[in-house]
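Remarks on the structure that follows.
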Amino acid sequence: MTQNTPAASPDKPLTAQQTPAELPPAASAANCDALPAGTLSVAQAQQRILAPLTPVAGSECLNLRAALGRILTHDVIANFAVPPHRNASMDGYAFAYDQAAAALTPGLKVCGTSFAGRPLQGRVPAGACVRIMTGAVVPTDCDTVVMQENTQRAGELIRINSLPARGANVRHPGDDMQPGDTVLHAGRKLNAADLGLLAALGTSEVTVRRRPCVAFFSTGDELKSIGETLGSGDIYDSNRYTLHAMLQQLDVDIIDLGVVRDTAPAVEQAFYSASQRADVLITSGGVSVGDADFVTATLAKLGEVNFWKMAMKPGKPLAHGKLGDCLFFGLPGNPVSVMATFLLFARPAILTLRGEVVTTPPEYVATCTEALYKAVGRKEYQRGICQQDANGQWQVKSTGQQESHLLRSMSQANCFIVLERESANLAAGSTVSIMPFAGLL
């Protein structure tokens, strides 16, 4: 329930000067193969959560300017050629390549100008050329454009200094899109280029999948909202702000249900309200086995519950289930545990409901610049600060103490240092995996 209570067994930070002999003793990796009963690995939990999920039903039609980041519900077929006409790719002069000899000497007579949006009217006679601007229609009597910088003009005559290849600097109808081309597929997350493509086809509106609605609340009698006075034993609720920010990154509809007190009726009412309005409910706190932890019991009463002990750190307890059609995640109460479990479990589930193709956040190989403390048995996501050296190689160091109540360590960090279950203490210079926060937070 509490978000900033000290950990029972704090990890001791290590300095870069410590040698392997000075590191605290660690369990043998040989004893790490089998997980305790009722405990899941990160990969096992992710698979169980994602396997049954399908995107939310429903769609809406949006103006292109409102469709950035939304998921397309249908294939988009080009109904005409883009570009629709031959046009010049640069400013210069359009001429018939068969007139090349005359273009070199004595030169071609300029018989008019073709502007973008104002094409030349009429024919281009033999021995003549047309002044042409980028994007302007190339006259039917011409097939080549010479760039302006490669010509000399004297009155109404131009001479070409160096003859370009036949057809140079001419764009043809359908170079970009041909009629009947499937240019975007259903399930596409629309980006800026996609919206420009749709505009090029004259499309003003697009049908996209509706956004999932995510409700969330914190539990704990000790939690106060910003602006309230802290009493003895009280702390300000930070989890709702970090959750709200991470949800905003996912482009979902958000319902903040506030702080719910540690009573069974209050938790039950919040569950009922969320299940009627949201596709996903996320709670923080109240998923352990304390006397005032009502989240898991209420989920068991009103819906379907899975309570898992995770072989990870931070974030050992995780409650997962459903309230009717509403997906449920009960995250731990400590703020770093909230962020880690959200990123690893709730985030990919919400992306799946959005209709996105879910991929694992990229990890990179990095060299530790200082020693790390790690006990065998749980996969750890330690907070780190990474950067690339002059050779492009990743270097990483710890933010220091790794207790799950230290939210400042997440603010300082720009990556997770990912240490596998079988890993033990690591000396400076060891190779590790890192998961940068870019695109996640």
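By convention here, the chains of the structure tokens are called A, B, ... in the order presented, each chain's residues are numbered starting at 1, and ligands are numbered starting at 1 in the order presented.
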Helix (DSSP H, G or I) per DSSP on the backbone: members of range 38-135 of chain A, as a ChimeraX atom specification: /A:42-50,64-66,97-104
Using only C-alpha atoms, I'd like a table of the residues in range 290-409 of chain A that come within 9 Å of range 188-205 of chain A; for each, show the closest atom pair and its distance in Å rounded to one decimal, ordered by chain and ascending number, as a tab-separated table.
residue	atom	partner	partner_atom	distance
A:Gly355	CA	A:Lys189	CA	8.6
A:Glu356	CA	A:Lys189	CA	7.0
A:Val357	CA	A:Arg188	CA	8.9
Long-range neighbours of Met147 in chain A as a count of residues only, 8 Å cut-off, only C-alpha atoms, 3 positions minimum in chain: 7
Spatial neighbours of Ser430 in chain A, 12 Å, only C-alpha atoms, chain gap at least 6 places, as a PyMOL selection string: chain A and resi 16+19-20+365-372+395-397+417+419+423-424
Any idea what's packed within 7 Å of Gly112 in chain A, counting only C-alpha atoms, ignoring anything in its chain fewer than 6 positions away? Could you give it as an mmCIF file with C-alpha atoms, in the first residue's frame?
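This went into out-v3.cif:
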data_model
loop_
_atom_site.group_PDB
_atom_site.id
_atom_site.type_symbol
_atom_site.label_atom_id
_atom_site.label_comp_id
_atom_site.auth_asym_id
_atom_site.auth_seq_id
_atom_site.Cartn_x
_atom_site.Cartn_y
_atom_site.Cartn_z
ATOM 1 C CA LEU A 120 2.250 25.928 -70.400
ATOM 2 C CA VAL A 130 10.372 25.826 -72.007
ATOM 3 C CA ARG A 131 11.450 27.519 -68.805
#
Neighbours of range 244-246 of chain A within 10 Å (only C-alpha atoms; same-chain residues fewer than 5 positions away dropped), as an mmCIF file with N, CA and C atoms, in the first residue's frame?
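After the write, around29.cif holds the following:
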data_model
loop_
_atom_site.group_PDB
_atom_site.id
_atom_site.type_symbol
_atom_site.label_atom_id
_atom_site.label_comp_id
_atom_site.auth_asym_id
_atom_site.auth_seq_id
_atom_site.Cartn_x
_atom_site.Cartn_y
_atom_site.Cartn_z
ATOM 1 N N VAL A 214 -8.494 3.350 -19.877
ATOM 2 C CA VAL A 214 -7.769 2.794 -18.733
ATOM 3 C C VAL A 214 -8.100 3.603 -17.488
ATOM 4 N N ALA A 215 -8.605 2.937 -16.457
ATOM 5 C CA ALA A 215 -8.852 3.557 -15.162
ATOM 6 C C ALA A 215 -7.760 3.127 -14.190
ATOM 7 N N PHE A 216 -7.462 3.980 -13.217
ATOM 8 C CA PHE A 216 -6.454 3.606 -12.237
ATOM 9 C C PHE A 216 -6.737 4.319 -10.920
ATOM 10 N N ASN A 239 2.265 7.741 -7.168
ATOM 11 C CA ASN A 239 2.027 6.706 -8.181
ATOM 12 C C ASN A 239 1.024 7.125 -9.246
ATOM 13 N N ASP A 251 -1.403 6.900 -25.601
ATOM 14 C CA ASP A 251 -2.561 7.430 -26.333
ATOM 15 C C ASP A 251 -3.812 6.604 -26.040
ATOM 16 N N ILE A 254 -8.151 8.064 -20.331
ATOM 17 C CA ILE A 254 -7.692 7.857 -18.955
ATOM 18 C C ILE A 254 -8.755 8.300 -17.961
ATOM 19 N N ILE A 255 -9.003 7.462 -16.959
ATOM 20 C CA ILE A 255 -9.886 7.806 -15.848
ATOM 21 C C ILE A 255 -9.093 7.677 -14.557
ATOM 22 N N ASP A 256 -8.895 8.791 -13.866
ATOM 23 C CA ASP A 256 -8.194 8.789 -12.583
ATOM 24 C C ASP A 256 -9.237 8.712 -11.470
ATOM 25 N N MET A 339 6.475 1.382 -11.586
ATOM 26 C CA MET A 339 6.939 1.727 -12.923
ATOM 27 C C MET A 339 7.496 0.509 -13.644
ATOM 28 N N PHE A 342 4.584 -1.880 -14.552
ATOM 29 C CA PHE A 342 3.772 -1.286 -15.621
ATOM 30 C C PHE A 342 4.464 -1.447 -16.963
ATOM 31 N N LEU A 343 5.745 -1.110 -17.041
ATOM 32 C CA LEU A 343 6.461 -1.178 -18.308
ATOM 33 C C LEU A 343 6.551 -2.603 -18.846
ATOM 34 N N ARG A 347 1.952 -2.256 -19.879
ATOM 35 C CA ARG A 347 2.174 -1.533 -21.132
ATOM 36 C C ARG A 347 1.983 -2.415 -22.366
ATOM 37 N N LEU A 440 9.913 4.880 -23.720
ATOM 38 C CA LEU A 440 9.137 4.168 -22.707
ATOM 39 C C LEU A 440 8.589 5.111 -21.648
ATOM 40 N N LEU A 441 9.349 6.099 -21.251
ATOM 41 C CA LEU A 441 8.951 7.010 -20.180
ATOM 42 C C LEU A 441 8.822 8.441 -20.713
#
Quick check for you: according to DSSP on this backbone, which residues of range 67-231 of chain A are classed as strand (DSSP E)? Reply as a PDB file with C-alpha atoms, in the first residue's frame.
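Written out: states-v2.pdb:
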ATOM      1  CA  VAL A  76      -5.958   2.132 -47.892  1.00  0.00           C
ATOM      2  CA  ILE A  77      -6.042   1.729 -51.689  1.00  0.00           C
ATOM      3  CA  ASN A  87       6.537  17.098 -63.678  1.00  0.00           C
ATOM      4  CA  ALA A  88       9.984  18.605 -63.249  1.00  0.00           C
ATOM      5  CA  GLY A  92      15.502  24.478 -65.362  1.00  0.00           C
ATOM      6  CA  TYR A  93      14.494  24.077 -68.986  1.00  0.00           C
ATOM      7  CA  ALA A  94      12.387  21.335 -70.564  1.00  0.00           C
ATOM      8  CA  PHE A  95      13.235  20.222 -74.074  1.00  0.00           C
ATOM      9  CA  LEU A 108      17.211  26.505 -78.017  1.00  0.00           C
ATOM     10  CA  LYS A 109      14.690  29.309 -78.125  1.00  0.00           C
ATOM     11  CA  VAL A 110      12.678  29.787 -74.920  1.00  0.00           C
ATOM     12  CA  CYS A 111       9.048  29.762 -76.017  1.00  0.00           C
ATOM     13  CA  GLY A 112       7.311  30.049 -72.660  1.00  0.00           C
ATOM     14  CA  THR A 113       7.223  29.078 -68.998  1.00  0.00           C
ATOM     15  CA  SER A 114       5.547  26.210 -67.136  1.00  0.00           C
ATOM     16  CA  ALA A 128      12.522  25.413 -78.728  1.00  0.00           C
ATOM     17  CA  CYS A 129      12.448  24.794 -75.002  1.00  0.00           C
ATOM     18  CA  VAL A 130      10.372  25.826 -72.007  1.00  0.00           C
ATOM     19  CA  ARG A 131      11.450  27.519 -68.805  1.00  0.00           C
ATOM     20  CA  ILE A 132      10.127  25.175 -66.101  1.00  0.00           C
ATOM     21  CA  THR A 144      14.062  15.960 -70.522  1.00  0.00           C
ATOM     22  CA  VAL A 145      14.818  18.771 -68.070  1.00  0.00           C
ATOM     23  CA  VAL A 146      18.241  20.371 -67.702  1.00  0.00           C
ATOM     24  CA  MET A 147      18.956  22.126 -64.424  1.00  0.00           C
ATOM     25  CA  THR A 151      22.805  26.397 -68.886  1.00  0.00           C
ATOM     26  CA  GLN A 152      23.768  29.767 -70.311  1.00  0.00           C
ATOM     27  CA  ARG A 153      21.071  32.165 -71.434  1.00  0.00           C
ATOM     28  CA  ALA A 154      21.476  34.963 -73.946  1.00  0.00           C
ATOM     29  CA  LEU A 157      18.282  31.468 -76.381  1.00  0.00           C
ATOM     30  CA  ILE A 158      19.688  28.973 -73.899  1.00  0.00           C
ATOM     31  CA  ARG A 159      22.720  26.807 -74.454  1.00  0.00           C
ATOM     32  CA  ILE A 160      23.339  23.661 -72.443  1.00  0.00           C
ATOM     33  CA  VAL A 170      11.379  14.270 -65.019  1.00  0.00           C
ATOM     34  CA  ARG A 171       8.971  12.609 -62.567  1.00  0.00           C
ATOM     35  CA  THR A 182      -2.381  -0.910 -51.214  1.00  0.00           C
ATOM     36  CA  VAL A 183      -0.438   1.930 -49.640  1.00  0.00           C
ATOM     37  CA  LEU A 184      -1.341   1.372 -45.961  1.00  0.00           C
ATOM     38  CA  GLU A 205     -10.824  11.632 -42.815  1.00  0.00           C
ATOM     39  CA  VAL A 206      -9.693   8.185 -41.787  1.00  0.00           C
ATOM     40  CA  THR A 207     -11.314   5.392 -39.761  1.00  0.00           C
ATOM     41  CA  VAL A 208      -9.249   4.256 -36.798  1.00  0.00           C
ATOM     42  CA  ARG A 209      -9.689   1.845 -33.926  1.00  0.00           C
ATOM     43  CA  CYS A 213     -10.015   3.315 -21.758  1.00  0.00           C
ATOM     44  CA  VAL A 214      -7.769   2.794 -18.733  1.00  0.00           C
ATOM     45  CA  ALA A 215      -8.852   3.557 -15.162  1.00  0.00           C
ATOM     46  CA  PHE A 216      -6.454   3.606 -12.237  1.00  0.00           C
ATOM     47  CA  PHE A 217      -6.333   4.362  -8.534  1.00  0.00           C
ATOM     48  CA  SER A 218      -3.999   4.156  -5.563  1.00  0.00           C
ATOM     49  CA  THR A 219      -4.853   2.480  -2.279  1.00  0.00           C
ATOM     50  CA  LEU A 223      -1.793   8.610   0.952  1.00  0.00           C
ATOM     51  CA  LYS A 224      -2.614  12.286   0.549  1.00  0.00           C
TER      52      LYS A 224
END
Shell of 7 Å around range 304-317 of chain A, only C-alpha atoms, local chain residues under 2 positions omitted, as a PyMOL selection string: chain A and resi 38-42+287-288+299-300+319-323+332+336-337+340-341+378-381+404
Can those selected residues be exported to a file as a PDB file, in the first residue's frame so that it contains N, CA and C atoms?
ATOM      1  N   GLY A  38       4.552 -21.436  -7.471  1.00  0.00           N
ATOM      2  CA  GLY A  38       3.742 -20.224  -7.456  1.00  0.00           C
ATOM      3  C   GLY A  38       4.465 -18.984  -7.929  1.00  0.00           C
ATOM      4  N   THR A  39       5.714 -19.138  -8.387  1.00  0.00           N
ATOM      5  CA  THR A  39       6.498 -17.999  -8.860  1.00  0.00           C
ATOM      6  C   THR A  39       6.688 -18.108 -10.366  1.00  0.00           C
ATOM      7  N   LEU A  40       6.531 -16.984 -11.062  1.00  0.00           N
ATOM      8  CA  LEU A  40       6.688 -16.955 -12.514  1.00  0.00           C
ATOM      9  C   LEU A  40       7.895 -16.113 -12.899  1.00  0.00           C
ATOM     10  N   SER A  41       8.498 -16.484 -14.011  1.00  0.00           N
ATOM     11  CA  SER A  41       9.519 -15.626 -14.597  1.00  0.00           C
ATOM     12  C   SER A  41       8.831 -14.464 -15.314  1.00  0.00           C
ATOM     13  N   VAL A  42       9.590 -13.438 -15.651  1.00  0.00           N
ATOM     14  CA  VAL A  42       9.031 -12.300 -16.392  1.00  0.00           C
ATOM     15  C   VAL A  42       8.446 -12.772 -17.723  1.00  0.00           C
ATOM     16  N   VAL A 287      -1.752  -5.285  -2.827  1.00  0.00           N
ATOM     17  CA  VAL A 287      -1.764  -6.616  -3.444  1.00  0.00           C
ATOM     18  C   VAL A 287      -0.894  -7.608  -2.668  1.00  0.00           C
ATOM     19  N   SER A 288      -0.467  -7.238  -1.468  1.00  0.00           N
ATOM     20  CA  SER A 288       0.298  -8.185  -0.667  1.00  0.00           C
ATOM     21  C   SER A 288      -0.653  -8.924   0.269  1.00  0.00           C
ATOM     22  N   LEU A 299     -10.877  -8.565  -6.004  1.00  0.00           N
ATOM     23  CA  LEU A 299     -10.856  -9.104  -7.369  1.00  0.00           C
ATOM     24  C   LEU A 299     -11.372 -10.537  -7.374  1.00  0.00           C
ATOM     25  N   ALA A 300     -10.971 -11.331  -6.391  1.00  0.00           N
ATOM     26  CA  ALA A 300     -11.452 -12.713  -6.319  1.00  0.00           C
ATOM     27  C   ALA A 300     -12.963 -12.759  -6.115  1.00  0.00           C
ATOM     28  N   ALA A 319      -0.866  -8.857  -9.164  1.00  0.00           N
ATOM     29  CA  ALA A 319      -2.212  -9.424  -9.292  1.00  0.00           C
ATOM     30  C   ALA A 319      -2.713  -9.116 -10.699  1.00  0.00           C
ATOM     31  N   HIS A 320      -3.280 -10.110 -11.334  1.00  0.00           N
ATOM     32  CA  HIS A 320      -3.754  -9.957 -12.703  1.00  0.00           C
ATOM     33  C   HIS A 320      -5.051 -10.737 -12.843  1.00  0.00           C
ATOM     34  N   GLY A 321      -5.978 -10.208 -13.590  1.00  0.00           N
ATOM     35  CA  GLY A 321      -7.238 -10.917 -13.787  1.00  0.00           C
ATOM     36  C   GLY A 321      -8.210 -10.093 -14.599  1.00  0.00           C
ATOM     37  N   LYS A 322      -9.510 -10.336 -14.388  1.00  0.00           N
ATOM     38  CA  LYS A 322     -10.543  -9.626 -15.132  1.00  0.00           C
ATOM     39  C   LYS A 322     -11.721  -9.318 -14.230  1.00  0.00           C
ATOM     40  N   LEU A 323     -12.342  -8.189 -14.506  1.00  0.00           N
ATOM     41  CA  LEU A 323     -13.620  -7.823 -13.899  1.00  0.00           C
ATOM     42  C   LEU A 323     -14.634  -7.779 -15.033  1.00  0.00           C
ATOM     43  N   PRO A 332       2.380  -3.453  -7.361  1.00  0.00           N
ATOM     44  CA  PRO A 332       2.845  -3.194  -5.999  1.00  0.00           C
ATOM     45  C   PRO A 332       2.730  -1.714  -5.656  1.00  0.00           C
ATOM     46  N   VAL A 336       8.985   2.594  -7.600  1.00  0.00           N
ATOM     47  CA  VAL A 336       9.828   2.000  -8.637  1.00  0.00           C
ATOM     48  C   VAL A 336       9.239   0.670  -9.098  1.00  0.00           C
ATOM     49  N   SER A 337       8.665  -0.091  -8.152  1.00  0.00           N
ATOM     50  CA  SER A 337       7.999  -1.348  -8.520  1.00  0.00           C
ATOM     51  C   SER A 337       6.814  -1.081  -9.431  1.00  0.00           C
ATOM     52  N   ALA A 340       8.250  -0.330 -12.956  1.00  0.00           N
ATOM     53  CA  ALA A 340       8.837  -1.509 -13.594  1.00  0.00           C
ATOM     54  C   ALA A 340       7.765  -2.494 -14.035  1.00  0.00           C
ATOM     55  N   THR A 341       6.807  -2.791 -13.154  1.00  0.00           N
ATOM     56  CA  THR A 341       5.766  -3.754 -13.529  1.00  0.00           C
ATOM     57  C   THR A 341       4.826  -3.190 -14.587  1.00  0.00           C
ATOM     58  N   ARG A 378      16.496 -13.895  -8.786  1.00  0.00           N
ATOM     59  CA  ARG A 378      15.481 -13.053  -9.426  1.00  0.00           C
ATOM     60  C   ARG A 378      16.110 -12.216 -10.539  1.00  0.00           C
ATOM     61  N   LYS A 379      15.360 -12.024 -11.604  1.00  0.00           N
ATOM     62  CA  LYS A 379      15.808 -11.131 -12.664  1.00  0.00           C
ATOM     63  C   LYS A 379      15.671  -9.701 -12.156  1.00  0.00           C
ATOM     64  N   GLU A 380      16.742  -8.931 -12.243  1.00  0.00           N
ATOM     65  CA  GLU A 380      16.714  -7.595 -11.683  1.00  0.00           C
ATOM     66  C   GLU A 380      16.762  -6.536 -12.778  1.00  0.00           C
ATOM     67  N   TYR A 381      16.013  -5.477 -12.514  1.00  0.00           N
ATOM     68  CA  TYR A 381      16.007  -4.304 -13.382  1.00  0.00           C
ATOM     69  C   TYR A 381      16.528  -3.144 -12.544  1.00  0.00           C
ATOM     70  N   SER A 404      13.161  -0.166  -3.749  1.00  0.00           N
ATOM     71  CA  SER A 404      12.035   0.142  -4.637  1.00  0.00           C
ATOM     72  C   SER A 404      11.235   1.364  -4.224  1.00  0.00           C
TER      73      SER A 404
END
